[in-house]
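Structure file start_21.pdb (PDB, C-alpha atoms) follows.
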ATOM      1  CA  MET N 136      52.205  99.638  36.344  1.00  0.00           C
ATOM      2  CA  ALA N 137      50.260 101.718  38.857  1.00  0.00           C
ATOM      3  CA  GLY N 138      48.528  98.542  40.035  1.00  0.00           C
ATOM      4  CA  PHE N 139      51.914  96.856  40.613  1.00  0.00           C
ATOM      5  CA  ALA N 140      53.119  99.668  42.872  1.00  0.00           C
ATOM      6  CA  ASP N 141      49.904  99.559  44.904  1.00  0.00           C
ATOM      7  CA  ASP N 142      50.174  95.768  45.296  1.00  0.00           C
ATOM      8  CA  SER N 143      53.777  96.096  46.498  1.00  0.00           C
ATOM      9  CA  ILE N 144      52.761  98.515  49.216  1.00  0.00           C
ATOM     10  CA  VAL N 145      50.035  96.143  50.412  1.00  0.00           C
ATOM     11  CA  GLU N 146      52.496  93.220  50.514  1.00  0.00           C
ATOM     12  CA  VAL N 147      54.987  95.207  52.628  1.00  0.00           C
ATOM     13  CA  GLU N 148      52.271  96.272  55.064  1.00  0.00           C
ATOM     14  CA  MET N 149      51.059  92.676  55.392  1.00  0.00           C
ATOM     15  CA  ALA N 150      54.593  91.375  55.999  1.00  0.00           C
ATOM     16  CA  GLU N 151      55.144  93.909  58.791  1.00  0.00           C
ATOM     17  CA  ASN N 152      51.842  92.918  60.412  1.00  0.00           C
ATOM     18  CA  LEU N 153      52.719  89.213  60.353  1.00  0.00           C
ATOM     19  CA  PHE N 154      55.656  89.721  62.732  1.00  0.00           C
ATOM     20  CA  ASN N 155      54.327  89.820  66.301  1.00  0.00           C
ATOM     21  CA  THR N 156      56.727  91.666  68.576  1.00  0.00           C
ATOM     22  CA  CYS N 157      54.730  91.440  71.816  1.00  0.00           C
ATOM     23  CA  LEU N 158      55.512  88.514  74.077  1.00  0.00           C
ATOM     24  CA  SER N 159      53.010  87.120  76.549  1.00  0.00           C
ATOM     25  CA  ASP N 160      53.979  83.788  78.074  1.00  0.00           C
ATOM     26  CA  GLU N 161      56.955  82.621  75.976  1.00  0.00           C
ATOM     27  CA  ILE N 162      59.334  83.625  78.779  1.00  0.00           C
ATOM     28  CA  LYS N 163      58.342  83.621  82.434  1.00  0.00           C
ATOM     29  CA  ILE N 164      59.862  85.905  85.070  1.00  0.00           C
ATOM     30  CA  SER N 165      59.520  84.894  88.730  1.00  0.00           C
ATOM     31  CA  PRO N 166      58.380  87.558  91.223  1.00  0.00           C
ATOM     32  CA  ALA N 167      61.862  87.521  92.831  1.00  0.00           C
ATOM     33  CA  ALA N 168      63.571  88.078  89.459  1.00  0.00           C
ATOM     34  CA  ALA N 169      61.088  90.796  88.478  1.00  0.00           C
ATOM     35  CA  ALA N 170      61.674  92.651  91.755  1.00  0.00           C
ATOM     36  CA  HIS N 171      65.461  92.505  91.385  1.00  0.00           C
ATOM     37  CA  LEU N 172      65.405  93.512  87.710  1.00  0.00           C
ATOM     38  CA  SER N 173      63.093  96.400  88.537  1.00  0.00           C
ATOM     39  CA  SER N 174      65.479  97.661  91.215  1.00  0.00           C
ATOM     40  CA  VAL N 175      68.389  97.434  88.755  1.00  0.00           C
ATOM     41  CA  LEU N 176      66.440  99.518  86.215  1.00  0.00           C
ATOM     42  CA  ASP N 177      65.478 102.065  88.882  1.00  0.00           C
ATOM     43  CA  ASP N 178      69.179 102.630  89.637  1.00  0.00           C
ATOM     44  CA  GLU N 179      70.121 103.293  85.990  1.00  0.00           C
ATOM     45  CA  GLU N 180      69.475 106.445  83.961  1.00  0.00           C
ATOM     46  CA  GLY N 181      68.869 106.433  80.212  1.00  0.00           C
ATOM     47  CA  VAL N 182      67.992 102.717  80.183  1.00  0.00           C
ATOM     48  CA  ASP N 183      64.811 101.571  78.444  1.00  0.00           C
ATOM     49  CA  GLY N 184      64.829  97.923  79.557  1.00  0.00           C
ATOM     50  CA  ILE N 185      66.758  94.673  79.771  1.00  0.00           C
ATOM     51  CA  ARG N 186      67.860  92.445  76.894  1.00  0.00           C
ATOM     52  CA  ILE N 187      67.841  88.683  77.316  1.00  0.00           C
ATOM     53  CA  TYR N 188      70.264  87.082  74.895  1.00  0.00           C
ATOM     54  CA  VAL N 189      71.764  83.769  73.900  1.00  0.00           C
ATOM     55  CA  SER N 190      75.314  82.977  72.871  1.00  0.00           C
ATOM     56  CA  GLY N 191      76.792  79.690  71.695  1.00  0.00           C
ATOM     57  CA  GLU N 192      79.675  79.400  74.127  1.00  0.00           C
ATOM     58  CA  GLY N 193      81.100  76.474  76.022  1.00  0.00           C
ATOM     59  CA  CYS N 194      80.848  72.726  75.820  1.00  0.00           C
ATOM     60  CA  SER N 195      77.375  72.718  77.359  1.00  0.00           C
ATOM     61  CA  GLY N 196      75.835  74.551  74.428  1.00  0.00           C
ATOM     62  CA  MET N 197      74.003  77.850  74.660  1.00  0.00           C
ATOM     63  CA  SER N 198      74.673  80.411  77.355  1.00  0.00           C
ATOM     64  CA  TYR N 199      71.966  82.787  78.514  1.00  0.00           C
ATOM     65  CA  ALA N 200      72.526  86.287  79.872  1.00  0.00           C
ATOM     66  CA  MET N 201      71.031  89.758  80.286  1.00  0.00           C
ATOM     67  CA  THR N 202      72.244  93.297  79.664  1.00  0.00           C
ATOM     68  CA  LEU N 203      70.808  96.795  79.920  1.00  0.00           C
ATOM     69  CA  VAL N 204      69.218  98.351  76.813  1.00  0.00           C
ATOM     70  CA  GLU N 205      69.266 102.051  76.004  1.00  0.00           C
ATOM     71  CA  LYS N 206      67.354 101.673  72.739  1.00  0.00           C
ATOM     72  CA  PRO N 207      65.654  98.509  71.428  1.00  0.00           C
ATOM     73  CA  ASN N 208      66.378  97.089  67.986  1.00  0.00           C
ATOM     74  CA  GLN N 209      63.805  97.282  65.203  1.00  0.00           C
ATOM     75  CA  TYR N 210      62.859  93.585  65.346  1.00  0.00           C
ATOM     76  CA  ASP N 211      63.034  93.016  69.109  1.00  0.00           C
ATOM     77  CA  CYS N 212      60.232  91.114  70.762  1.00  0.00           C
ATOM     78  CA  VAL N 213      59.061  92.835  73.942  1.00  0.00           C
ATOM     79  CA  LEU N 214      57.767  91.414  77.206  1.00  0.00           C
ATOM     80  CA  GLU N 215      56.262  94.123  79.418  1.00  0.00           C
ATOM     81  CA  LEU N 216      55.948  93.279  83.076  1.00  0.00           C
ATOM     82  CA  GLY N 217      54.769  95.887  85.562  1.00  0.00           C
ATOM     83  CA  GLY N 218      56.190  98.775  83.558  1.00  0.00           C
ATOM     84  CA  MET N 219      59.495  96.969  82.964  1.00  0.00           C
ATOM     85  CA  LYS N 220      60.476  96.021  79.398  1.00  0.00           C
ATOM     86  CA  MET N 221      62.390  92.861  78.529  1.00  0.00           C
ATOM     87  CA  TYR N 222      63.760  92.652  74.964  1.00  0.00           C
ATOM     88  CA  VAL N 223      64.597  89.487  73.024  1.00  0.00           C
ATOM     89  CA  ASP N 224      65.652  89.251  69.388  1.00  0.00           C
ATOM     90  CA  PRO N 225      63.610  86.775  67.303  1.00  0.00           C
ATOM     91  CA  VAL N 226      66.492  84.293  66.875  1.00  0.00           C
ATOM     92  CA  ALA N 227      67.205  84.116  70.622  1.00  0.00           C
ATOM     93  CA  LEU N 228      63.483  83.716  71.316  1.00  0.00           C
ATOM     94  CA  GLY N 229      63.590  80.313  69.630  1.00  0.00           C
ATOM     95  CA  PHE N 230      66.094  79.160  72.261  1.00  0.00           C
ATOM     96  CA  LEU N 231      64.388  80.914  75.178  1.00  0.00           C
ATOM     97  CA  GLU N 232      60.786  79.835  74.688  1.00  0.00           C
ATOM     98  CA  GLY N 233      59.563  78.050  77.827  1.00  0.00           C
ATOM     99  CA  VAL N 234      62.315  79.470  80.053  1.00  0.00           C
ATOM    100  CA  GLU N 235      61.613  80.824  83.519  1.00  0.00           C
ATOM    101  CA  ILE N 236      64.036  83.398  84.873  1.00  0.00           C
ATOM    102  CA  ASP N 237      64.356  83.277  88.656  1.00  0.00           C
ATOM    103  CA  TYR N 238      66.512  85.116  91.182  1.00  0.00           C
ATOM    104  CA  GLN N 239      68.018  82.970  93.920  1.00  0.00           C
ATOM    105  CA  THR N 240      70.148  83.524  96.981  1.00  0.00           C
ATOM    106  CA  GLU N 241      72.366  80.729  98.315  1.00  0.00           C
ATOM    107  CA  GLY N 242      74.427  81.902 101.253  1.00  0.00           C
ATOM    108  CA  LEU N 243      76.337  84.973 100.072  1.00  0.00           C
ATOM    109  CA  ASN N 244      75.777  84.157  96.390  1.00  0.00           C
ATOM    110  CA  GLU N 245      72.972  85.813  94.470  1.00  0.00           C
ATOM    111  CA  SER N 246      72.220  85.018  90.837  1.00  0.00           C
ATOM    112  CA  PHE N 247      69.660  84.925  88.091  1.00  0.00           C
ATOM    113  CA  VAL N 248      68.833  81.355  87.128  1.00  0.00           C
ATOM    114  CA  PHE N 249      67.409  80.328  83.766  1.00  0.00           C
ATOM    115  CA  LYS N 250      65.198  77.317  84.519  1.00  0.00           C
ATOM    116  CA  ASN N 251      64.365  74.889  81.734  1.00  0.00           C
ATOM    117  CA  ALA N 252      66.842  76.767  79.539  1.00  0.00           C
ATOM    118  CA  PHE N 253      67.914  73.725  77.565  1.00  0.00           C
ATOM    119  CA  ALA N 254      64.489  72.262  76.827  1.00  0.00           C
ATOM    120  CA  ALA N 255      64.341  73.838  73.355  1.00  0.00           C
ATOM    121  CA  THR N 256      67.884  72.836  72.390  1.00  0.00           C
ATOM    122  CA  GLY N 257      68.058  69.373  73.944  1.00  0.00           C
ATOM    123  CA  GLY N 258      71.216  70.087  75.963  1.00  0.00           C
ATOM    124  CA  SER N 259      71.806  69.007  79.505  1.00  0.00           C
ATOM    125  CA  GLY N 260      72.699  72.372  81.023  1.00  0.00           C
ATOM    126  CA  THR N 261      75.720  70.907  82.791  1.00  0.00           C
ATOM    127  CA  CYS N 262      79.391  70.912  82.048  1.00  0.00           C
ATOM    128  CA  GLY N 263      81.865  68.437  83.432  1.00  0.00           C
ATOM    129  CA  GLY N 264      85.190  69.349  81.878  1.00  0.00           C
ATOM    130  CA  CYS N 265      85.826  73.051  81.516  1.00  0.00           C
ATOM    131  CA  GLY N 266      84.539  74.366  84.840  1.00  0.00           C
ATOM    132  CA  GLY N 267      82.019  76.587  83.075  1.00  0.00           C
ATOM    133  CA  ALA N 268      78.815  77.734  84.700  1.00  0.00           C
ATOM    134  CA  GLY N 269      76.709  75.372  82.642  1.00  0.00           C
ATOM    135  CA  GLY N 270      74.988  78.303  80.968  1.00  0.00           C
ATOM    136  CA  ASN N 271      72.190  78.749  83.448  1.00  0.00           C
ATOM    137  CA  LYS N 272      73.290  80.982  86.393  1.00  0.00           C
ATOM    138  CA  TYR N 273      74.198  84.682  86.283  1.00  0.00           C
TER     139      TYR N 273
END

Would it be possible to restate this file's structure as structure tokens?
Amino acid sequence: MAGFADDSIVEVEMAENLFNTCLSDEIKISPAAAAHLSSVLDDEEGVDGIRIYVSGEGCSGMSYAMTLVEKPNQYDCVLELGGMKMYVDPVALGFLEGVEIDYQTEGLNESFVFKNAFAATGGSGTCGGCGGAGGNKY
């Protein structure tokens, strides 16, 4: 039985090592978005980073958004960019892979824009009936 216990420990260690939590190029952040997110983090105390998340709302499919993070979750994937940390849970990452987050100004309106956000899900990113934002501007 001693051999069984040792094998179990090895299996657990291997399983933990198979899960890569560091992101590199799965999500892209434009220089404008990075600068704005960095200034938001500089203004907040007790915040460790920003979470990018996905929710299944609206007729256009998935909606993408961001929120401040005080403490990351155990299984979060992390994208570090110039000292700033962006957190994504593994399920949301499947919907966000290939996305570029940009920050745009149009007149008096400023917003984060998720470009190519619907490539992984096959949606159009537009909504014609409910007046929703189409899931790609924040």

Shell of 8 Å around Tyr222 of chain N, only C-alpha atoms, local chain residues under 4 positions omitted, as an MDAnalysis selection string
chainID N and resid 184:187 207 211:214

Store the residues picked out above in a file with C-alpha atoms, as a compact mmCIF listing (two decimals), in the frame of the given file.
# COMPACT_ATOMS: atom_id res chain seq x y z
CA GLY N 184 64.83 97.92 79.56
CA ILE N 185 66.76 94.67 79.77
CA ARG N 186 67.86 92.44 76.89
CA ILE N 187 67.84 88.68 77.32
CA PRO N 207 65.65 98.51 71.43
CA ASP N 211 63.03 93.02 69.11
CA CYS N 212 60.23 91.11 70.76
CA VAL N 213 59.06 92.84 73.94
CA LEU N 214 57.77 91.41 77.21

* Name the residues that the PyMOL selection byres ((chain N and resi 163-172) around 8) picks from the file above, as an MDAnalysis selection string, using the file's chain letters and numbers. => chainID N and resid 160:162 173:176 216 233:239 247

What does the distance between atom CA of Val204 of chain N and atom CA of Phe249 of chain N come to in Å, to one decimal place?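 Result for atom CA of Val204 of chain N versus atom CA of Phe249 of chain N: 19.4 Å, one decimal.
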
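Note that the spacing between atom CA of Ser190 of chain N and atom CA of Leu228 of chain N amounts to 12.0 Å.
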
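Of the listed residues N:Asp177, N:Val189, N:Met197, N:Val182, the one whose atoms come nearest to Asp224 of chain N is N:Val189, with distances taken using only C-alpha atoms.
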
Separating atom CA of Tyr199 of chain N from atom CA of Glu245 of chain N, to the nearest tenth of an Å, is a gap of 16.3 Å

Between N:Tyr188, N:Ser198, N:Ser246, N:Leu203, which has the minimum distance to Met219 of chain N (counting only C-alpha atoms)?
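Of all the options, N:Leu203 lies closest to Met219 of chain N.
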
For Ala227 of chain N, the nearest of the candidates N:Glu179, N:Glu241, N:Ala200, N:Gln209, counting all atoms listed in the file |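 The shortest atom-to-atom distance to Ala227 of chain N comes from N:Ala200.
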
- Message: Between N:Asp183, N:Met221, N:Tyr210, N:Met201, which residue has the minimum interatomic distance to Val248 of chain N, considering only C-alpha atoms?
- Response: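 Selected residue with least distance to Val248 of chain N: N:Met201.
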